[in-house]
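Participant: Sharing a structure, written as structure tokens. Questions coming.
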Amino acid sequence: MAKLPYMQFYTGDWMKDQAVRASSLAARGLWFDLLCFMWESPERGYLKTLSGLPMTVDHISRMVGASPKDVKTLLEELRVNGVFDEHGGCIVN
């Protein structure tokens with residue numbers, strides 16, 4: 001798939017999404033980073049490493065500069081709020 005030069009981001013969709021709005025500021029910040037990683041992923045929309053494996057909590061924590069404990073807590077918040085789906089152990093938008 002050819003790389004597109006930009007990601008279309010609709011601010012209205014972001015602001016109206018109840019699952020996202022129910023999440024804390026920290027969780028929304030993590031989610032936005034994860035959306036960017038999924039845009040660059042080998043399989044767009046799936047949170048995968050460049051080698052094609054699902055990103056682990058440890059990998060995500062290194063990528064965003066947060067502790068694995070904090071990332072795990074924020075991911076659980078996003079999961080409970082219904083922000084993302086999972087397929088085969090991989091976070092999907």
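So you can find residues: chains in the structure tokens are A, B, ... in the order shown, residues in each start at 1, and ligands are numbered from 1 in order.
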Considering only strand (DSSP E) as DSSP defines it on the backbone, what residues of chain A qualify? List them as an MDAnalysis selection string.
Facilitator: chainID A and resid 85:87 90:92
Participant: As a CSV table (one decimal) with all heavy atoms, in the first residue's frame, please: every residue in segment 20-88 of chain A that DSSP puts in helix (DSSP H, G or I).
Facilitator:
```
chain,number,residue,atom,x,y,z
A,20,VAL,N,-14.4,8.1,23.5
A,20,VAL,CA,-13.2,8.9,23.6
A,20,VAL,C,-13.4,10.0,24.7
A,20,VAL,O,-12.6,10.2,25.6
A,20,VAL,CB,-12.8,9.6,22.3
A,20,VAL,CG1,-11.6,10.6,22.5
A,20,VAL,CG2,-12.3,8.5,21.3
A,21,ARG,N,-14.6,10.7,24.7
A,21,ARG,CA,-14.8,11.8,25.6
A,21,ARG,C,-15.0,11.2,27.0
A,21,ARG,O,-14.7,12.0,28.0
A,21,ARG,CB,-16.1,12.5,25.2
A,21,ARG,CG,-16.1,13.2,23.9
A,21,ARG,CD,-14.9,13.9,23.4
A,21,ARG,NE,-14.3,14.9,24.3
A,21,ARG,CZ,-13.1,15.4,24.1
A,21,ARG,NH1,-12.4,15.0,23.0
A,21,ARG,NH2,-12.7,16.3,24.9
A,25,LEU,N,-8.0,12.7,30.1
A,25,LEU,CA,-7.0,13.4,29.2
A,25,LEU,C,-5.8,12.6,28.9
A,25,LEU,O,-5.4,12.5,27.7
A,25,LEU,CB,-6.6,14.7,29.9
A,25,LEU,CG,-5.7,15.6,29.1
A,25,LEU,CD1,-6.4,16.1,27.8
A,25,LEU,CD2,-5.3,16.9,29.9
A,26,ALA,N,-5.3,11.9,29.9
A,26,ALA,CA,-4.1,11.1,29.7
A,26,ALA,C,-4.4,9.9,28.7
A,26,ALA,O,-3.6,9.6,27.8
A,26,ALA,CB,-3.6,10.5,31.0
A,27,ALA,N,-5.6,9.3,28.9
A,27,ALA,CA,-5.9,8.2,28.0
A,27,ALA,C,-6.2,8.7,26.6
A,27,ALA,O,-5.8,8.0,25.6
A,27,ALA,CB,-7.2,7.5,28.5
A,28,ARG,N,-6.8,9.8,26.4
A,28,ARG,CA,-7.0,10.4,25.1
A,28,ARG,C,-5.7,10.7,24.4
A,28,ARG,O,-5.5,10.5,23.2
A,28,ARG,CB,-7.9,11.6,25.2
A,28,ARG,CG,-9.3,11.3,25.5
A,28,ARG,CD,-10.3,12.5,25.3
A,28,ARG,NE,-9.9,13.7,25.8
A,28,ARG,CZ,-10.3,14.3,27.0
A,28,ARG,NH1,-11.1,13.5,27.8
A,28,ARG,NH2,-9.9,15.5,27.4
A,29,GLY,N,-4.7,11.2,25.2
A,29,GLY,CA,-3.4,11.5,24.6
A,29,GLY,C,-2.7,10.3,24.2
A,29,GLY,O,-2.1,10.2,23.1
A,30,LEU,N,-2.8,9.2,25.0
A,30,LEU,CA,-2.2,7.9,24.5
A,30,LEU,C,-2.9,7.4,23.3
A,30,LEU,O,-2.3,7.0,22.3
A,30,LEU,CB,-2.4,6.9,25.6
A,30,LEU,CG,-1.9,5.5,25.3
A,30,LEU,CD1,-0.4,5.4,24.9
A,30,LEU,CD2,-2.2,4.5,26.4
A,31,TRP,N,-4.3,7.5,23.3
A,31,TRP,CA,-5.0,7.0,22.1
A,31,TRP,C,-4.6,7.8,20.8
A,31,TRP,O,-4.5,7.2,19.8
A,31,TRP,CB,-6.5,7.2,22.4
A,31,TRP,CG,-7.4,6.6,21.2
A,31,TRP,CD1,-8.3,7.3,20.5
A,31,TRP,CD2,-7.3,5.3,20.7
A,31,TRP,NE1,-8.8,6.5,19.5
A,31,TRP,CE2,-8.3,5.3,19.6
A,31,TRP,CE3,-6.6,4.2,20.9
A,31,TRP,CZ2,-8.5,4.1,18.8
A,31,TRP,CZ3,-6.8,3.0,20.2
A,31,TRP,CH2,-7.8,3.0,19.2
A,32,PHE,N,-4.4,9.1,20.9
A,32,PHE,CA,-4.0,9.8,19.7
A,32,PHE,C,-2.7,9.3,19.2
A,32,PHE,O,-2.5,9.1,18.0
A,32,PHE,CB,-4.0,11.3,20.0
A,32,PHE,CG,-3.9,12.1,18.7
A,32,PHE,CD1,-5.1,12.4,18.0
A,32,PHE,CD2,-2.7,12.6,18.2
A,32,PHE,CE1,-5.1,13.1,16.8
A,32,PHE,CE2,-2.7,13.3,17.0
A,32,PHE,CZ,-3.8,13.5,16.3
A,33,ASP,N,-1.7,9.1,20.1
A,33,ASP,CA,-0.4,8.5,19.7
A,33,ASP,C,-0.6,7.2,19.1
A,33,ASP,O,0.0,6.9,18.0
A,33,ASP,CB,0.5,8.4,20.9
A,33,ASP,CG,1.4,9.6,21.2
A,33,ASP,OD1,1.2,10.6,20.5
A,33,ASP,OD2,2.3,9.5,22.0
A,34,LEU,N,-1.5,6.3,19.6
A,34,LEU,CA,-1.7,5.0,19.1
A,34,LEU,C,-2.4,5.1,17.7
A,34,LEU,O,-2.0,4.3,16.8
A,34,LEU,CB,-2.6,4.2,20.0
A,34,LEU,CG,-2.0,3.9,21.4
A,34,LEU,CD1,-2.9,3.0,22.2
A,34,LEU,CD2,-0.6,3.2,21.3
A,35,LEU,N,-3.3,6.1,17.5
A,35,LEU,CA,-3.8,6.3,16.2
A,35,LEU,C,-2.7,6.6,15.2
A,35,LEU,O,-2.8,6.1,14.0
A,35,LEU,CB,-4.9,7.4,16.2
A,35,LEU,CG,-6.2,7.1,16.9
A,35,LEU,CD1,-7.0,8.4,17.0
A,35,LEU,CD2,-7.0,6.0,16.2
A,36,CYS,N,-1.8,7.4,15.6
A,36,CYS,CA,-0.7,7.8,14.7
A,36,CYS,C,0.2,6.5,14.4
A,36,CYS,O,0.6,6.3,13.2
A,36,CYS,CB,0.2,8.9,15.3
A,36,CYS,SG,-0.7,10.5,15.4
A,37,PHE,N,0.4,5.7,15.4
A,37,PHE,CA,1.2,4.5,15.2
A,37,PHE,C,0.5,3.5,14.2
A,37,PHE,O,1.1,2.9,13.4
A,37,PHE,CB,1.5,3.7,16.5
A,37,PHE,CG,2.4,4.5,17.4
A,37,PHE,CD1,2.2,4.3,18.8
A,37,PHE,CD2,3.4,5.4,17.0
A,37,PHE,CE1,3.0,5.0,19.7
A,37,PHE,CE2,4.2,6.1,17.9
A,37,PHE,CZ,4.0,5.9,19.3
A,38,MET,N,-0.9,3.5,14.4
A,38,MET,CA,-1.7,2.6,13.5
A,38,MET,C,-1.7,3.1,12.1
A,38,MET,O,-1.8,2.3,11.2
A,38,MET,CB,-3.1,2.4,14.1
A,38,MET,CG,-3.2,1.6,15.3
A,38,MET,SD,-4.9,1.3,15.8
A,38,MET,CE,-5.0,2.6,17.0
A,39,TRP,N,-1.6,4.4,11.9
A,39,TRP,CA,-1.5,5.0,10.6
A,39,TRP,C,-0.2,4.5,9.9
A,39,TRP,O,-0.2,4.3,8.7
A,39,TRP,CB,-1.6,6.5,10.6
A,39,TRP,CG,-1.4,7.2,9.3
A,39,TRP,CD1,-0.3,7.8,8.8
A,39,TRP,CD2,-2.4,7.3,8.3
A,39,TRP,NE1,-0.6,8.3,7.6
A,39,TRP,CE2,-1.9,8.0,7.2
A,39,TRP,CE3,-3.7,6.8,8.2
A,39,TRP,CZ2,-2.5,8.2,6.0
A,39,TRP,CZ3,-4.4,7.1,7.0
A,39,TRP,CH2,-3.8,7.8,6.0
A,40,GLU,N,0.9,4.5,10.6
A,40,GLU,CA,2.2,4.1,10.1
A,40,GLU,C,2.4,2.6,10.1
A,40,GLU,O,3.4,2.1,9.6
A,40,GLU,CB,3.3,4.8,10.9
A,40,GLU,CG,3.3,6.3,10.8
A,40,GLU,CD,3.6,6.8,9.4
A,40,GLU,OE1,4.3,6.1,8.7
A,40,GLU,OE2,3.1,7.9,9.1
A,57,VAL,N,2.5,-4.0,25.6
A,57,VAL,CA,2.5,-2.9,26.6
A,57,VAL,C,3.9,-2.3,26.7
A,57,VAL,O,4.1,-1.1,26.7
A,57,VAL,CB,1.9,-3.3,27.9
A,57,VAL,CG1,2.2,-2.3,29.0
A,57,VAL,CG2,0.4,-3.6,27.8
A,58,ASP,N,4.9,-3.2,26.8
A,58,ASP,CA,6.3,-2.8,26.9
A,58,ASP,C,6.7,-2.0,25.7
A,58,ASP,O,7.4,-0.9,25.8
A,58,ASP,CB,7.2,-3.9,27.2
A,58,ASP,CG,7.1,-4.5,28.6
A,58,ASP,OD1,6.7,-3.8,29.5
A,58,ASP,OD2,7.5,-5.7,28.7
A,59,HIS,N,6.4,-2.4,24.5
A,59,HIS,CA,6.7,-1.7,23.3
A,59,HIS,C,6.1,-0.4,23.3
A,59,HIS,O,6.7,0.7,23.0
A,59,HIS,CB,6.3,-2.6,22.1
A,59,HIS,CG,6.9,-2.1,20.8
A,59,HIS,ND1,8.0,-2.6,20.2
A,59,HIS,CD2,6.5,-1.1,20.0
A,59,HIS,CE1,8.3,-1.9,19.1
A,59,HIS,NE2,7.4,-1.0,18.9
A,60,ILE,N,4.8,-0.3,23.6
A,60,ILE,CA,4.0,0.9,23.6
A,60,ILE,C,4.7,1.9,24.6
A,60,ILE,O,4.9,3.1,24.3
A,60,ILE,CB,2.5,0.7,23.9
A,60,ILE,CG1,1.9,-0.1,22.8
A,60,ILE,CG2,1.8,2.1,24.1
A,60,ILE,CD1,0.5,-0.6,23.1
A,61,SER,N,5.0,1.4,25.8
A,61,SER,CA,5.6,2.3,26.8
A,61,SER,C,6.9,2.9,26.3
A,61,SER,O,7.1,4.1,26.6
A,61,SER,CB,5.7,1.5,28.1
A,61,SER,OG,6.8,0.6,28.0
A,62,ARG,N,7.7,2.1,25.6
A,62,ARG,CA,8.9,2.7,25.1
A,62,ARG,C,8.6,3.7,24.0
A,62,ARG,O,9.3,4.8,23.9
A,62,ARG,CB,9.8,1.6,24.5
A,62,ARG,CG,10.5,0.7,25.6
A,62,ARG,CD,11.6,-0.2,25.0
A,62,ARG,NE,11.1,-1.1,24.0
A,62,ARG,CZ,10.5,-2.2,24.1
A,62,ARG,NH1,10.3,-2.7,25.4
A,62,ARG,NH2,10.1,-3.0,23.1
A,63,MET,N,7.6,3.5,23.2
A,63,MET,CA,7.3,4.4,22.1
A,63,MET,C,6.8,5.7,22.6
A,63,MET,O,7.0,6.8,22.0
A,63,MET,CB,6.3,3.7,21.1
A,63,MET,CG,6.8,2.5,20.4
A,63,MET,SD,7.9,2.9,19.1
A,63,MET,CE,6.8,3.5,17.9
A,64,VAL,N,6.0,5.7,23.7
A,64,VAL,CA,5.4,6.9,24.2
A,64,VAL,C,6.1,7.6,25.3
A,64,VAL,O,5.8,8.7,25.8
A,64,VAL,CB,3.9,6.7,24.5
A,64,VAL,CG1,3.1,6.2,23.3
A,64,VAL,CG2,3.7,5.8,25.7
A,68,PRO,N,5.4,1.1,31.8
A,68,PRO,CA,4.4,0.0,31.4
A,68,PRO,C,3.2,0.0,32.3
A,68,PRO,O,2.1,-0.3,31.8
A,68,PRO,CB,5.3,-1.3,31.6
A,68,PRO,CG,6.7,-0.8,31.4
A,68,PRO,CD,6.7,0.6,32.0
A,69,LYS,N,3.4,0.3,33.6
A,69,LYS,CA,2.2,0.3,34.5
A,69,LYS,C,1.2,1.4,34.1
A,69,LYS,O,0.0,1.1,34.0
A,69,LYS,CB,2.7,0.6,35.9
A,69,LYS,CG,1.6,0.7,36.9
A,69,LYS,CD,2.1,1.0,38.3
A,69,LYS,CE,0.9,1.2,39.3
A,69,LYS,NZ,1.3,1.8,40.5
A,70,ASP,N,1.7,2.6,33.7
A,70,ASP,CA,0.8,3.6,33.3
A,70,ASP,C,0.1,3.3,32.0
A,70,ASP,O,-1.1,3.5,31.8
A,70,ASP,CB,1.5,5.0,33.2
A,70,ASP,CG,1.9,5.6,34.5
A,70,ASP,OD1,1.3,5.1,35.6
A,70,ASP,OD2,2.7,6.5,34.6
A,71,VAL,N,0.9,2.7,31.1
A,71,VAL,CA,0.3,2.4,29.8
A,71,VAL,C,-0.8,1.3,29.9
A,71,VAL,O,-1.9,1.4,29.4
A,71,VAL,CB,1.4,1.9,28.8
A,71,VAL,CG1,0.8,1.2,27.5
A,71,VAL,CG2,2.3,3.1,28.4
A,72,LYS,N,-0.5,0.3,30.8
A,72,LYS,CA,-1.5,-0.8,31.0
A,72,LYS,C,-2.8,-0.2,31.6
A,72,LYS,O,-3.9,-0.6,31.2
A,72,LYS,CB,-0.9,-1.8,31.9
A,72,LYS,CG,-1.7,-3.0,32.1
A,72,LYS,CD,-1.0,-4.1,33.0
A,72,LYS,CE,-1.9,-5.3,33.1
A,72,LYS,NZ,-1.2,-6.4,33.8
A,73,THR,N,-2.6,0.7,32.6
A,73,THR,CA,-3.8,1.3,33.2
A,73,THR,C,-4.6,2.1,32.2
A,73,THR,O,-5.8,2.0,32.1
A,73,THR,CB,-3.4,2.3,34.3
A,73,THR,OG1,-2.7,1.5,35.3
A,73,THR,CG2,-4.5,3.0,35.0
A,74,LEU,N,-3.9,2.9,31.3
A,74,LEU,CA,-4.6,3.7,30.3
A,74,LEU,C,-5.3,2.9,29.3
A,74,LEU,O,-6.4,3.2,28.8
A,74,LEU,CB,-3.7,4.8,29.7
A,74,LEU,CG,-3.2,5.8,30.7
A,74,LEU,CD1,-2.1,6.7,30.1
A,74,LEU,CD2,-4.3,6.7,31.2
A,75,LEU,N,-4.6,1.8,28.8
A,75,LEU,CA,-5.2,0.9,27.9
A,75,LEU,C,-6.4,0.3,28.4
A,75,LEU,O,-7.4,0.1,27.7
A,75,LEU,CB,-4.2,-0.2,27.4
A,75,LEU,CG,-3.1,0.3,26.5
A,75,LEU,CD1,-2.1,-0.9,26.3
A,75,LEU,CD2,-3.6,0.8,25.2
A,76,GLU,N,-6.4,-0.1,29.7
A,76,GLU,CA,-7.6,-0.7,30.3
A,76,GLU,C,-8.7,0.3,30.3
A,76,GLU,O,-9.9,-0.1,30.1
A,76,GLU,CB,-7.3,-1.2,31.7
A,76,GLU,CG,-8.4,-1.9,32.4
A,76,GLU,CD,-9.0,-3.1,31.6
A,76,GLU,OE1,-8.3,-3.7,30.8
A,76,GLU,OE2,-10.2,-3.4,31.8
A,77,GLU,N,-8.4,1.5,30.6
A,77,GLU,CA,-9.5,2.6,30.6
A,77,GLU,C,-10.1,2.7,29.2
A,77,GLU,O,-11.3,2.8,29.1
A,77,GLU,CB,-8.8,3.9,31.1
A,77,GLU,CG,-9.8,5.1,31.0
A,77,GLU,CD,-9.2,6.4,31.4
A,77,GLU,OE1,-8.1,6.4,32.0
A,77,GLU,OE2,-9.8,7.4,31.1
A,78,LEU,N,-9.2,2.8,28.2
A,78,LEU,CA,-9.7,2.9,26.8
A,78,LEU,C,-10.5,1.6,26.4
A,78,LEU,O,-11.6,1.8,25.8
A,78,LEU,CB,-8.5,3.0,25.9
A,78,LEU,CG,-7.8,4.4,26.0
A,78,LEU,CD1,-6.4,4.3,25.2
A,78,LEU,CD2,-8.6,5.5,25.5
A,79,ARG,N,-10.1,0.5,26.9
A,79,ARG,CA,-10.8,-0.8,26.6
A,79,ARG,C,-12.2,-0.8,27.2
A,79,ARG,O,-13.2,-1.0,26.6
A,79,ARG,CB,-10.0,-2.0,27.1
A,79,ARG,CG,-10.7,-3.3,26.8
A,79,ARG,CD,-9.9,-4.5,27.4
A,79,ARG,NE,-8.6,-4.7,26.6
A,79,ARG,CZ,-7.4,-4.4,27.1
A,79,ARG,NH1,-7.3,-4.0,28.3
A,79,ARG,NH2,-6.4,-4.6,26.4
A,80,VAL,N,-12.2,-0.4,28.5
A,80,VAL,CA,-13.5,-0.4,29.2
A,80,VAL,C,-14.5,0.6,28.6
A,80,VAL,O,-15.7,0.4,28.5
A,80,VAL,CB,-13.3,-0.1,30.7
A,80,VAL,CG1,-14.5,0.3,31.5
A,80,VAL,CG2,-12.6,-1.2,31.4
```
Participant: Could you pull the residues within 7 Å of Ala19 of chain A, counting only C-alpha atoms, minus those fewer than 2 positions along the same chain, as a list in words?
Facilitator: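 Answer for this query is Asp17, Arg21, Ala22, Ser23, Asn81, Gly82 and Val83 of chain A.
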Participant: Could you work out how far atom CA of Gly12 of chain A lies from atom CA of Gly89 of chain A, giving the answer in Å with one decimal?
Facilitator: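 So the two atoms, atom CA of Gly89 of chain A and atom CA of Gly12 of chain A, lie 29.6 Å apart.
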Participant: By how many Å are atom CA of Thr49 of chain A and atom CA of Phe84 of chain A apart?
Facilitator: 17.5 Å
Participant: Please measure the separation of atom CA of Thr56 of chain A and atom CA of Glu86 of chain A, giving the value in Å to one decimal.
Facilitator: 12.7 Å
